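Report on the following structure.
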Amino acid sequence: MKAKSVMIMAAATMILAGCSNDENETADSWNGEIRLASGVTVQTRANTQATQIQSGETVYVWADKTLSATDYIKAWALTADGSNGFTDPSTPQYYPTDGSTLNFYALHGNFAPGAFTEESTAFPTSAIVHSVEADQSGTDTKAYAKSDLLYAVQKNVARSRHAIQLPFYHMLSKVEVVLKAGNGKPDLTGAVVTIVGTKLKADFTPDKTKDIADVSSGQGHRAGMITITGSDNNATPITIRTVTTTDFNSNAEYGEAVVLPKQTLNEGDAFIQVKLSNDAVFTYKIPAGETLTLESGKKYTYKITVNQTGLTVTSKIEDWAEVKKEGDAVMD
């Protein structure tokens, strides 16, 4: 009898567990809504929007059916939540009921007001103007984030209740600067750092024929979508946040600017200026025998020692990592 009682209790437990699972399934019922993810870990000041899209930034998403290439979603406006996903969209979107896979394309940029009308504007096949801000010095990094042109492609996506990763890539260039007082110990309090010799506006023409391998494979494919605009687009100084250190080797923080690629500075051209509070101005110019061509998806780091009589500069060029997703994220 005792053994029989144990068996009955075990069976009852299994039945209850089954009921619980059914209830959870019902509570977690999924109606085919599309869920997207956009980024990863918490930002550090030295890597603003390097690993996730900053909270509050707008992303526009388009989708078409893979086989027919017909438009399925037009200019879906989403807001980054700063934590791997998006806030609840005002207009949810759903997977096709016919089982078609989808190609997704997504943009973040500083476009003209009214450039896109949600649910109406088709994927742009002609150039759209993106601008970088002239003042990117704010500690809230909003102007910097706004200036960052990001593009993501994810093709042949099947219907899924899980969040679909949108791996965004930086289409522009990034400049990082940190200052250290050198000979004569000039006072760097209140120093102003500007990037000079670059323009603020570019035409961006996204290309649906490129897949993620093309976008991620190198600077060439990304740069091919960008053209520096014409006569009303003069070089304009970009002010960045001033960051100082006493030791370059232990420094992990930089003033940052997003700048347009496909611009060339030649020998003797001014590139970075440092103005001290006593109005002394020091300028880093492209060294003799060198040129600097800014490339899409590249990061240019400058460690500048400010001496009483001038600047000493060391620099490094490396890839500016894509905004990619780790873990799971949903719109919530």
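As shown in the structure tokens, the chain order sets the letters A, B, ...; within each chain, residues go from 1, and ligands are also counted from 1 in the order they appear.
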
List every residue of range 124-203 of chain A that has an atom at most 7 Å from any atom of range 247-271 of chain A, and for each one report the closest atom pair and its distance in Å to one decimal, counting only C-alpha atoms, with rows sorted by chain and then by increasing residue number, as a Markdown table.
```
| residue | atom | partner | partner_atom | distance |
| --- | --- | --- | --- | --- |
| A:Val132 | CA | A:Val259 | CA | 6.7 |
| A:Gln136 | CA | A:Ala257 | CA | 6.3 |
| A:Tyr144 | CA | A:Ala257 | CA | 6.4 |
| A:Ser147 | CA | A:Val258 | CA | 6.2 |
| A:Asp148 | CA | A:Val258 | CA | 6.2 |
| A:Leu172 | CA | A:Leu260 | CA | 5.3 |
| A:Ser173 | CA | A:Val259 | CA | 5.2 |
| A:Lys174 | CA | A:Val258 | CA | 4.6 |
| A:Val175 | CA | A:Ala257 | CA | 5.2 |
| A:Glu176 | CA | A:Glu256 | CA | 4.6 |
| A:Val177 | CA | A:Gly255 | CA | 5.1 |
| A:Val178 | CA | A:Tyr254 | CA | 5.1 |
| A:Ile195 | CA | A:Phe271 | CA | 5.7 |
| A:Val196 | CA | A:Phe271 | CA | 4.9 |
| A:Gly197 | CA | A:Phe271 | CA | 5.8 |
| A:Lys199 | CA | A:Leu260 | CA | 6.9 |
| A:Leu200 | CA | A:Leu260 | CA | 6.9 |
```

Only all heavy atoms, please: the residues just picked out, written as a compact mmCIF listing (two decimals), in the first residue's frame.
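Done, and the output landed in again_1.txt:
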```txt
# COMPACT_ATOMS: atom_id res chain seq x y z
N VAL A 132 26.87 65.11 -39.24
CA VAL A 132 27.48 64.98 -37.92
C VAL A 132 27.39 66.34 -37.23
O VAL A 132 27.42 67.39 -37.88
CB VAL A 132 28.94 64.48 -37.98
CG1 VAL A 132 29.00 63.10 -38.60
CG2 VAL A 132 29.83 65.45 -38.74
N GLN A 136 30.09 68.12 -30.29
CA GLN A 136 29.94 66.78 -29.73
C GLN A 136 30.59 66.69 -28.35
O GLN A 136 31.02 65.63 -27.92
CB GLN A 136 30.54 65.74 -30.68
CG GLN A 136 29.86 65.69 -32.04
CD GLN A 136 30.43 64.62 -32.96
OE1 GLN A 136 30.82 63.54 -32.53
NE2 GLN A 136 30.49 64.92 -34.26
N TYR A 144 26.97 63.26 -29.96
CA TYR A 144 27.86 62.24 -30.51
C TYR A 144 27.04 61.06 -31.02
O TYR A 144 27.22 60.60 -32.15
CB TYR A 144 28.84 61.78 -29.43
CG TYR A 144 29.65 60.57 -29.80
CD1 TYR A 144 30.93 60.70 -30.34
CD2 TYR A 144 29.16 59.28 -29.62
CE1 TYR A 144 31.67 59.58 -30.69
CE2 TYR A 144 29.89 58.17 -29.97
CZ TYR A 144 31.15 58.33 -30.49
OH TYR A 144 31.88 57.21 -30.84
N SER A 147 25.18 61.71 -34.15
CA SER A 147 26.03 61.82 -35.33
C SER A 147 26.45 60.48 -35.91
O SER A 147 26.95 60.40 -37.04
CB SER A 147 27.31 62.61 -34.97
OG SER A 147 26.99 63.90 -34.51
N ASP A 148 26.25 59.43 -35.15
CA ASP A 148 26.76 58.10 -35.50
C ASP A 148 25.83 57.42 -36.51
O ASP A 148 24.72 57.03 -36.17
CB ASP A 148 26.87 57.26 -34.22
CG ASP A 148 27.71 56.01 -34.40
OD1 ASP A 148 28.28 55.82 -35.49
OD2 ASP A 148 27.78 55.23 -33.44
N LEU A 172 30.75 55.55 -40.44
CA LEU A 172 31.62 56.72 -40.49
C LEU A 172 32.95 56.42 -39.80
O LEU A 172 33.32 55.26 -39.63
CB LEU A 172 30.90 57.91 -39.84
CG LEU A 172 29.52 58.24 -40.43
CD1 LEU A 172 28.95 59.51 -39.78
CD2 LEU A 172 29.58 58.39 -41.93
N SER A 173 33.66 57.45 -39.42
CA SER A 173 34.95 57.31 -38.74
C SER A 173 34.83 57.92 -37.34
O SER A 173 33.94 58.72 -37.07
CB SER A 173 36.05 58.05 -39.51
OG SER A 173 36.11 57.65 -40.86
N LYS A 174 35.76 57.52 -36.49
CA LYS A 174 35.76 58.02 -35.12
C LYS A 174 37.14 58.53 -34.75
O LYS A 174 38.15 57.90 -35.09
CB LYS A 174 35.36 56.90 -34.15
CG LYS A 174 35.43 57.27 -32.68
CD LYS A 174 35.04 56.07 -31.82
CE LYS A 174 35.10 56.41 -30.35
NZ LYS A 174 34.69 55.29 -29.50
N VAL A 175 37.19 59.67 -34.06
CA VAL A 175 38.45 60.23 -33.57
C VAL A 175 38.38 60.29 -32.05
O VAL A 175 37.39 60.78 -31.49
CB VAL A 175 38.71 61.64 -34.15
CG1 VAL A 175 39.99 62.23 -33.55
CG2 VAL A 175 38.82 61.59 -35.67
N GLU A 176 39.42 59.80 -31.39
CA GLU A 176 39.52 59.85 -29.94
C GLU A 176 40.76 60.66 -29.56
O GLU A 176 41.82 60.51 -30.17
CB GLU A 176 39.67 58.44 -29.35
CG GLU A 176 38.48 57.53 -29.58
CD GLU A 176 38.68 56.16 -28.94
OE1 GLU A 176 39.85 55.71 -28.84
OE2 GLU A 176 37.68 55.55 -28.55
N VAL A 177 40.62 61.51 -28.52
CA VAL A 177 41.73 62.37 -28.10
C VAL A 177 41.81 62.38 -26.58
O VAL A 177 40.78 62.52 -25.89
CB VAL A 177 41.55 63.81 -28.61
CG1 VAL A 177 42.70 64.70 -28.12
CG2 VAL A 177 41.48 63.85 -30.14
N VAL A 178 43.02 62.25 -26.05
CA VAL A 178 43.26 62.47 -24.62
C VAL A 178 44.50 63.35 -24.49
O VAL A 178 45.45 63.23 -25.28
CB VAL A 178 43.44 61.13 -23.87
CG1 VAL A 178 44.65 60.35 -24.37
CG2 VAL A 178 43.54 61.36 -22.36
N ILE A 195 38.28 69.15 -33.62
CA ILE A 195 38.74 68.48 -34.84
C ILE A 195 38.48 69.46 -35.98
O ILE A 195 37.36 69.95 -36.14
CB ILE A 195 37.96 67.18 -35.09
CG1 ILE A 195 37.95 66.30 -33.84
CG2 ILE A 195 38.52 66.43 -36.29
CD1 ILE A 195 39.31 65.89 -33.35
N VAL A 196 39.50 69.77 -36.76
CA VAL A 196 39.35 70.76 -37.82
C VAL A 196 39.66 70.13 -39.18
O VAL A 196 40.26 69.06 -39.27
CB VAL A 196 40.26 71.99 -37.58
CG1 VAL A 196 39.85 72.70 -36.30
CG2 VAL A 196 41.72 71.58 -37.49
N GLY A 197 39.21 70.82 -40.23
CA GLY A 197 39.55 70.36 -41.58
C GLY A 197 38.62 69.31 -42.15
O GLY A 197 38.91 68.74 -43.21
N LYS A 199 34.38 68.01 -43.04
CA LYS A 199 33.03 68.49 -43.36
C LYS A 199 31.99 67.76 -42.52
O LYS A 199 32.28 66.74 -41.89
CB LYS A 199 32.77 68.29 -44.86
CG LYS A 199 33.75 69.07 -45.74
CD LYS A 199 33.47 68.86 -47.22
CE LYS A 199 34.45 69.68 -48.06
NZ LYS A 199 34.16 69.55 -49.52
N LEU A 200 30.77 68.30 -42.55
CA LEU A 200 29.73 67.79 -41.65
C LEU A 200 28.64 66.98 -42.33
O LEU A 200 27.89 66.27 -41.65
CB LEU A 200 29.06 68.96 -40.90
CG LEU A 200 29.96 69.84 -40.03
CD1 LEU A 200 29.11 70.89 -39.32
CD2 LEU A 200 30.75 69.03 -39.02
```

### Task
May I have the residues within 7 Å of Leu149 in chain A as a PyMOL selection string, using only C-alpha atoms and disregarding those fewer than 5 positions away in the same chain?
chain A and resi 108-109+170-172

#### Entry: Minimum-distance residue to Asn156 in chain A, chosen among A:Leu102, A:Ala223, A:Leu78, A:Val281 (using only C-alpha atoms)
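Residue with the minimum atom-to-atom distance to Asn156 in chain A: A:Leu102.
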
Contacts of Pro186 in chain A at 12 Å (only C-alpha atoms; same-chain gap of 4+ positions) as a PDB file with all heavy atoms, in the first residue's frame:
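What follows is the written file result.pdb:
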```
ATOM      1  N   LEU A 179      44.481  64.258 -23.510  1.00  0.00           N
ATOM      2  CA  LEU A 179      45.568  65.212 -23.310  1.00  0.00           C
ATOM      3  C   LEU A 179      46.341  64.908 -22.024  1.00  0.00           C
ATOM      4  O   LEU A 179      45.773  64.408 -21.050  1.00  0.00           O
ATOM      5  CB  LEU A 179      45.021  66.640 -23.199  1.00  0.00           C
ATOM      6  CG  LEU A 179      44.116  67.169 -24.311  1.00  0.00           C
ATOM      7  CD1 LEU A 179      43.686  68.599 -23.975  1.00  0.00           C
ATOM      8  CD2 LEU A 179      44.808  67.106 -25.653  1.00  0.00           C
ATOM      9  N   LYS A 180      47.624  65.251 -22.059  1.00  0.00           N
ATOM     10  CA  LYS A 180      48.468  65.175 -20.860  1.00  0.00           C
ATOM     11  C   LYS A 180      49.382  66.391 -20.847  1.00  0.00           C
ATOM     12  O   LYS A 180      49.917  66.782 -21.893  1.00  0.00           O
ATOM     13  CB  LYS A 180      49.293  63.885 -20.866  1.00  0.00           C
ATOM     14  CG  LYS A 180      50.138  63.685 -19.605  1.00  0.00           C
ATOM     15  CD  LYS A 180      50.926  62.378 -19.652  1.00  0.00           C
ATOM     16  CE  LYS A 180      52.105  62.483 -20.589  1.00  0.00           C
ATOM     17  NZ  LYS A 180      53.026  61.317 -20.444  1.00  0.00           N
ATOM     18  N   ALA A 181      49.547  66.999 -19.683  1.00  0.00           N
ATOM     19  CA  ALA A 181      50.463  68.134 -19.563  1.00  0.00           C
ATOM     20  C   ALA A 181      51.904  67.652 -19.645  1.00  0.00           C
ATOM     21  O   ALA A 181      52.276  66.667 -18.997  1.00  0.00           O
ATOM     22  CB  ALA A 181      50.223  68.873 -18.255  1.00  0.00           C
ATOM     23  N   GLY A 182      52.719  68.349 -20.448  1.00  0.00           N
ATOM     24  CA  GLY A 182      54.109  67.961 -20.635  1.00  0.00           C
ATOM     25  C   GLY A 182      55.067  69.016 -20.113  1.00  0.00           C
ATOM     26  O   GLY A 182      54.856  69.578 -19.026  1.00  0.00           O
ATOM     27  N   GLY A 190      39.986  73.722 -18.424  1.00  0.00           N
ATOM     28  CA  GLY A 190      39.249  74.573 -19.347  1.00  0.00           C
ATOM     29  C   GLY A 190      39.732  74.521 -20.777  1.00  0.00           C
ATOM     30  O   GLY A 190      39.257  75.295 -21.627  1.00  0.00           O
ATOM     31  N   ALA A 191      40.664  73.609 -21.088  1.00  0.00           N
ATOM     32  CA  ALA A 191      41.141  73.485 -22.468  1.00  0.00           C
ATOM     33  C   ALA A 191      40.004  73.032 -23.376  1.00  0.00           C
ATOM     34  O   ALA A 191      39.130  72.262 -22.970  1.00  0.00           O
ATOM     35  CB  ALA A 191      42.294  72.497 -22.528  1.00  0.00           C
ATOM     36  N   VAL A 274      44.130  72.462 -29.851  1.00  0.00           N
ATOM     37  CA  VAL A 274      43.947  72.541 -28.403  1.00  0.00           C
ATOM     38  C   VAL A 274      44.090  74.001 -28.001  1.00  0.00           C
ATOM     39  O   VAL A 274      45.142  74.616 -28.212  1.00  0.00           O
ATOM     40  CB  VAL A 274      44.992  71.688 -27.652  1.00  0.00           C
ATOM     41  CG1 VAL A 274      44.777  71.797 -26.137  1.00  0.00           C
ATOM     42  CG2 VAL A 274      44.925  70.231 -28.096  1.00  0.00           C
ATOM     43  N   LYS A 275      43.019  74.561 -27.455  1.00  0.00           N
ATOM     44  CA  LYS A 275      43.047  75.955 -26.993  1.00  0.00           C
ATOM     45  C   LYS A 275      42.996  75.976 -25.479  1.00  0.00           C
ATOM     46  O   LYS A 275      42.059  75.453 -24.870  1.00  0.00           O
ATOM     47  CB  LYS A 275      41.873  76.740 -27.566  1.00  0.00           C
ATOM     48  CG  LYS A 275      41.882  78.214 -27.176  1.00  0.00           C
ATOM     49  CD  LYS A 275      40.716  78.968 -27.813  1.00  0.00           C
ATOM     50  CE  LYS A 275      40.737  80.434 -27.428  1.00  0.00           C
ATOM     51  NZ  LYS A 275      39.616  81.187 -28.055  1.00  0.00           N
ATOM     52  N   LEU A 276      44.017  76.581 -24.863  1.00  0.00           N
ATOM     53  CA  LEU A 276      44.073  76.649 -23.410  1.00  0.00           C
ATOM     54  C   LEU A 276      43.277  77.836 -22.892  1.00  0.00           C
ATOM     55  O   LEU A 276      42.892  78.733 -23.655  1.00  0.00           O
ATOM     56  CB  LEU A 276      45.534  76.741 -22.960  1.00  0.00           C
ATOM     57  CG  LEU A 276      46.466  75.618 -23.437  1.00  0.00           C
ATOM     58  CD1 LEU A 276      47.854  75.779 -22.826  1.00  0.00           C
ATOM     59  CD2 LEU A 276      45.888  74.242 -23.097  1.00  0.00           C
ATOM     60  N   SER A 277      43.032  77.842 -21.610  1.00  0.00           N
ATOM     61  CA  SER A 277      42.220  78.901 -21.013  1.00  0.00           C
ATOM     62  C   SER A 277      42.900  80.263 -21.104  1.00  0.00           C
ATOM     63  O   SER A 277      42.228  81.298 -20.995  1.00  0.00           O
ATOM     64  CB  SER A 277      41.905  78.571 -19.553  1.00  0.00           C
ATOM     65  OG  SER A 277      43.100  78.384 -18.811  1.00  0.00           O
ATOM     66  N   ASN A 278      44.226  80.290 -21.314  1.00  0.00           N
ATOM     67  CA  ASN A 278      44.943  81.565 -21.476  1.00  0.00           C
ATOM     68  C   ASN A 278      44.968  82.005 -22.939  1.00  0.00           C
ATOM     69  O   ASN A 278      45.724  82.907 -23.313  1.00  0.00           O
ATOM     70  CB  ASN A 278      46.364  81.470 -20.928  1.00  0.00           C
ATOM     71  CG  ASN A 278      47.212  80.444 -21.673  1.00  0.00           C
ATOM     72  OD1 ASN A 278      46.768  79.864 -22.670  1.00  0.00           O
ATOM     73  ND2 ASN A 278      48.434  80.223 -21.202  1.00  0.00           N
ATOM     74  N   ASP A 279      44.151  81.329 -23.786  1.00  0.00           N
ATOM     75  CA  ASP A 279      43.990  81.624 -25.216  1.00  0.00           C
ATOM     76  C   ASP A 279      45.149  81.137 -26.081  1.00  0.00           C
ATOM     77  O   ASP A 279      45.148  81.388 -27.298  1.00  0.00           O
ATOM     78  CB  ASP A 279      43.767  83.128 -25.470  1.00  0.00           C
ATOM     79  CG  ASP A 279      42.411  83.599 -24.957  1.00  0.00           C
ATOM     80  OD1 ASP A 279      41.487  82.766 -24.898  1.00  0.00           O
ATOM     81  OD2 ASP A 279      42.276  84.786 -24.611  1.00  0.00           O
ATOM     82  N   ALA A 280      46.108  80.448 -25.491  1.00  0.00           N
ATOM     83  CA  ALA A 280      47.165  79.837 -26.317  1.00  0.00           C
ATOM     84  C   ALA A 280      46.544  78.712 -27.146  1.00  0.00           C
ATOM     85  O   ALA A 280      45.754  77.912 -26.636  1.00  0.00           O
ATOM     86  CB  ALA A 280      48.281  79.292 -25.440  1.00  0.00           C
ATOM     87  N   VAL A 281      46.876  78.647 -28.430  1.00  0.00           N
ATOM     88  CA  VAL A 281      46.326  77.641 -29.327  1.00  0.00           C
ATOM     89  C   VAL A 281      47.458  76.801 -29.906  1.00  0.00           C
ATOM     90  O   VAL A 281      48.419  77.340 -30.475  1.00  0.00           O
ATOM     91  CB  VAL A 281      45.519  78.286 -30.476  1.00  0.00           C
ATOM     92  CG1 VAL A 281      45.004  77.207 -31.434  1.00  0.00           C
ATOM     93  CG2 VAL A 281      44.351  79.090 -29.921  1.00  0.00           C
ATOM     94  N   PHE A 282      47.342  75.482 -29.765  1.00  0.00           N
ATOM     95  CA  PHE A 282      48.313  74.551 -30.334  1.00  0.00           C
ATOM     96  C   PHE A 282      47.594  73.685 -31.365  1.00  0.00           C
ATOM     97  O   PHE A 282      46.458  73.258 -31.154  1.00  0.00           O
ATOM     98  CB  PHE A 282      48.931  73.670 -29.254  1.00  0.00           C
ATOM     99  CG  PHE A 282      49.657  74.442 -28.179  1.00  0.00           C
ATOM    100  CD1 PHE A 282      49.076  74.623 -26.926  1.00  0.00           C
ATOM    101  CD2 PHE A 282      50.902  74.996 -28.426  1.00  0.00           C
ATOM    102  CE1 PHE A 282      49.734  75.327 -25.936  1.00  0.00           C
ATOM    103  CE2 PHE A 282      51.577  75.705 -27.439  1.00  0.00           C
ATOM    104  CZ  PHE A 282      50.986  75.875 -26.193  1.00  0.00           C
ATOM    105  N   THR A 305      50.485  65.133 -25.861  1.00  0.00           N
ATOM    106  CA  THR A 305      51.177  65.796 -24.761  1.00  0.00           C
ATOM    107  C   THR A 305      51.261  67.281 -25.083  1.00  0.00           C
ATOM    108  O   THR A 305      51.793  67.674 -26.124  1.00  0.00           O
ATOM    109  CB  THR A 305      52.588  65.232 -24.565  1.00  0.00           C
ATOM    110  OG1 THR A 305      52.495  63.815 -24.315  1.00  0.00           O
ATOM    111  CG2 THR A 305      53.277  65.905 -23.396  1.00  0.00           C
ATOM    112  N   VAL A 306      50.677  68.098 -24.207  1.00  0.00           N
ATOM    113  CA  VAL A 306      50.673  69.548 -24.406  1.00  0.00           C
ATOM    114  C   VAL A 306      51.848  70.139 -23.637  1.00  0.00           C
ATOM    115  O   VAL A 306      51.867  70.141 -22.402  1.00  0.00           O
ATOM    116  CB  VAL A 306      49.346  70.166 -23.924  1.00  0.00           C
ATOM    117  CG1 VAL A 306      49.339  71.670 -24.203  1.00  0.00           C
ATOM    118  CG2 VAL A 306      48.155  69.481 -24.597  1.00  0.00           C
ATOM    119  N   ASN A 307      52.839  70.602 -24.388  1.00  0.00           N
ATOM    120  CA  ASN A 307      54.001  71.251 -23.791  1.00  0.00           C
ATOM    121  C   ASN A 307      53.802  72.762 -23.808  1.00  0.00           C
ATOM    122  O   ASN A 307      52.897  73.285 -24.457  1.00  0.00           O
ATOM    123  CB  ASN A 307      55.268  70.876 -24.562  1.00  0.00           C
ATOM    124  CG  ASN A 307      55.462  69.370 -24.632  1.00  0.00           C
ATOM    125  OD1 ASN A 307      55.510  68.693 -23.613  1.00  0.00           O
ATOM    126  ND2 ASN A 307      55.548  68.842 -25.853  1.00  0.00           N
ATOM    127  N   GLN A 308      54.673  73.472 -23.117  1.00  0.00           N
ATOM    128  CA  GLN A 308      54.562  74.918 -23.062  1.00  0.00           C
ATOM    129  C   GLN A 308      54.738  75.541 -24.442  1.00  0.00           C
ATOM    130  O   GLN A 308      54.205  76.620 -24.723  1.00  0.00           O
ATOM    131  CB  GLN A 308      55.607  75.490 -22.092  1.00  0.00           C
ATOM    132  CG  GLN A 308      55.282  76.886 -21.575  1.00  0.00           C
ATOM    133  CD  GLN A 308      54.078  76.894 -20.639  1.00  0.00           C
ATOM    134  OE1 GLN A 308      53.979  76.053 -19.756  1.00  0.00           O
ATOM    135  NE2 GLN A 308      53.164  77.839 -20.832  1.00  0.00           N
ATOM    136  N   THR A 309      55.437  74.838 -25.328  1.00  0.00           N
ATOM    137  CA  THR A 309      55.753  75.411 -26.640  1.00  0.00           C
ATOM    138  C   THR A 309      55.146  74.649 -27.817  1.00  0.00           C
ATOM    139  O   THR A 309      55.411  74.981 -28.971  1.00  0.00           O
ATOM    140  CB  THR A 309      57.286  75.459 -26.837  1.00  0.00           C
ATOM    141  OG1 THR A 309      57.821  74.134 -26.671  1.00  0.00           O
ATOM    142  CG2 THR A 309      57.930  76.395 -25.829  1.00  0.00           C
ATOM    143  N   GLY A 310      54.353  73.617 -27.554  1.00  0.00           N
ATOM    144  CA  GLY A 310      53.777  72.872 -28.669  1.00  0.00           C
ATOM    145  C   GLY A 310      53.256  71.512 -28.238  1.00  0.00           C
ATOM    146  O   GLY A 310      53.164  71.202 -27.044  1.00  0.00           O
ATOM    147  N   LEU A 311      52.937  70.673 -29.215  1.00  0.00           N
ATOM    148  CA  LEU A 311      52.332  69.367 -28.965  1.00  0.00           C
ATOM    149  C   LEU A 311      53.266  68.237 -29.366  1.00  0.00           C
ATOM    150  O   LEU A 311      54.006  68.345 -30.354  1.00  0.00           O
ATOM    151  CB  LEU A 311      51.033  69.223 -29.762  1.00  0.00           C
ATOM    152  CG  LEU A 311      49.960  70.300 -29.580  1.00  0.00           C
ATOM    153  CD1 LEU A 311      48.784  70.017 -30.511  1.00  0.00           C
ATOM    154  CD2 LEU A 311      49.498  70.375 -28.134  1.00  0.00           C
TER     155      LEU A 311
END
```

### Query
Between A:Arg161, A:Glu295, A:Leu188, A:Glu57, which one has atoms that come closest to Ser29 in chain A, using only C-alpha atoms?
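Of A:Arg161, A:Glu295, A:Leu188, A:Glu57, the one nearest Ser29 in chain A, counting only C-alpha atoms, is A:Arg161.
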
### Query
What's the 12 Å shell around Thr66 in chain A, counting only C-alpha atoms, without same-chain residues fewer than 5 positions away, as a list in words?
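Surrounding residues, per the criterion: Asp71, Tyr72, Pro96, Gly99, Ser100, Thr101, Leu102, Asn103, Phe104, Gln154, Lys155, Asn156, Val157, Ala158, Lys208 and Thr209 of chain A.
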
Selection file, C-alpha atoms, as a tab-separated table (two decimals), in the first residue's frame:
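Below you can see again-v4.tsv, which holds the result:
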```tsv
chain	number	residue	atom	x	y	z
A	71	ASP	CA	8.08	45.44	-49.54
A	72	TYR	CA	6.67	44.06	-46.31
A	96	PRO	CA	3.85	36.92	-42.72
A	99	GLY	CA	5.63	31.48	-43.88
A	100	SER	CA	7.83	33.76	-46.00
A	101	THR	CA	11.26	34.58	-44.65
A	102	LEU	CA	12.20	38.24	-44.37
A	103	ASN	CA	15.16	40.46	-45.17
A	104	PHE	CA	15.66	43.23	-42.59
A	154	GLN	CA	19.93	40.61	-41.67
A	155	LYS	CA	18.60	38.43	-44.49
A	156	ASN	CA	16.52	35.28	-44.84
A	157	VAL	CA	15.07	35.52	-41.34
A	158	ALA	CA	12.53	32.83	-40.49
A	208	LYS	CA	19.98	46.21	-50.60
A	209	THR	CA	22.21	44.00	-52.73
```

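When CA of Phe168 in chain A is paired with CA of Asp203 in chain A, their separation reads 18.6 Å.
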
### Task
Give me, please, the distance in Å between CA of Gly297 in chain A and CA of Val59 in chain A, quoted to one decimal.
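Straight-line distance from CA of Gly297 in chain A to CA of Val59 in chain A works out to 19.0 Å.
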
### Task
Would you list, as a ChimeraX atom specification, the residues of range 76-284 of chain A that end up in strand (DSSP E or B) under DSSP run on this structure's backbone?
/A:76-80,86,94,102-108,111,128-131,135-136,150-157,164-165,168-170,173-181,192-195,201-204,226-228,238-240,244,255-259,264-265,270-275,281-284

### Task
Determine, counting only C-alpha atoms, which protein, DNA and RNA residues have an atom within 8 Å of an atom of Asp135 in chain A; residues of the same chain fewer than 5 positions away are not included. Present the result as a VMD selection string.
chain A and resid 143 238 to 240

### Task
Considering only C-alpha atoms, state which residue in the set A:Thr121, A:Ser38, A:Asn31, A:Ser126 is at the smallest distance from Arg159 in chain A.
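Checking each of A:Thr121, A:Ser38, A:Asn31, A:Ser126 against Arg159 in chain A, counting only C-alpha atoms, the winner is A:Asn31.
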
### Message
Report as a PyMOL selection string all protein, DNA and RNA residues lying within 9 Å of Lys316 in chain A, evaluated on only C-alpha atoms, omitting residues in the same chain fewer than 2 positions from it.
### Response
chain A and resi 299-303+314+318

Hey, can you spit out that residue selection with N, CA and C atoms as an mmCIF file, in the first residue's frame?
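Final file, again_27.cif:
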```
data_model
loop_
_atom_site.group_PDB
_atom_site.id
_atom_site.type_symbol
_atom_site.label_atom_id
_atom_site.label_comp_id
_atom_site.auth_asym_id
_atom_site.auth_seq_id
_atom_site.Cartn_x
_atom_site.Cartn_y
_atom_site.Cartn_z
ATOM 1 N N LYS A 299 38.793 53.737 -36.349
ATOM 2 C CA LYS A 299 38.915 54.576 -35.168
ATOM 3 C C LYS A 299 40.336 55.116 -35.100
ATOM 4 N N TYR A 300 40.470 56.437 -34.907
ATOM 5 C CA TYR A 300 41.765 57.113 -34.899
ATOM 6 C C TYR A 300 41.985 57.680 -33.497
ATOM 7 N N THR A 301 42.978 57.151 -32.801
ATOM 8 C CA THR A 301 43.229 57.518 -31.417
ATOM 9 C C THR A 301 44.489 58.371 -31.322
ATOM 10 N N TYR A 302 44.376 59.514 -30.626
ATOM 11 C CA TYR A 302 45.501 60.451 -30.491
ATOM 12 C C TYR A 302 45.770 60.727 -29.021
ATOM 13 N N LYS A 303 46.997 60.432 -28.599
ATOM 14 C CA LYS A 303 47.470 60.764 -27.267
ATOM 15 C C LYS A 303 48.374 61.979 -27.413
ATOM 16 N N THR A 314 51.196 60.975 -30.368
ATOM 17 C CA THR A 314 51.285 59.595 -30.846
ATOM 18 C C THR A 314 49.875 59.180 -31.270
ATOM 19 N N GLU A 318 42.730 51.783 -35.795
ATOM 20 C CA GLU A 318 42.244 50.412 -35.648
ATOM 21 C C GLU A 318 40.776 50.355 -36.042
#
```

### Query
Smallest atom-to-atom distance to Ala134 in chain A: which of A:Tyr95, A:Thr194, A:Ile53, A:Thr291, using only C-alpha atoms?
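Among A:Tyr95, A:Thr194, A:Ile53, A:Thr291, it is A:Thr194 that comes nearest to Ala134 in chain A.
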
### Message
Between A:Ile226, A:Ala235, A:Val61, A:Ala202, which residue has the minimum interatomic distance to Thr117 in chain A, considering only C-alpha atoms?
### Response
A:Val61

### Task
Using only C-alpha atoms, find the one residue out of A:Ala145, A:Pro287, A:Ile128, A:Leu36 that sits nearest to Asp88 in chain A.
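Nearest to Asp88 in chain A: A:Leu36.
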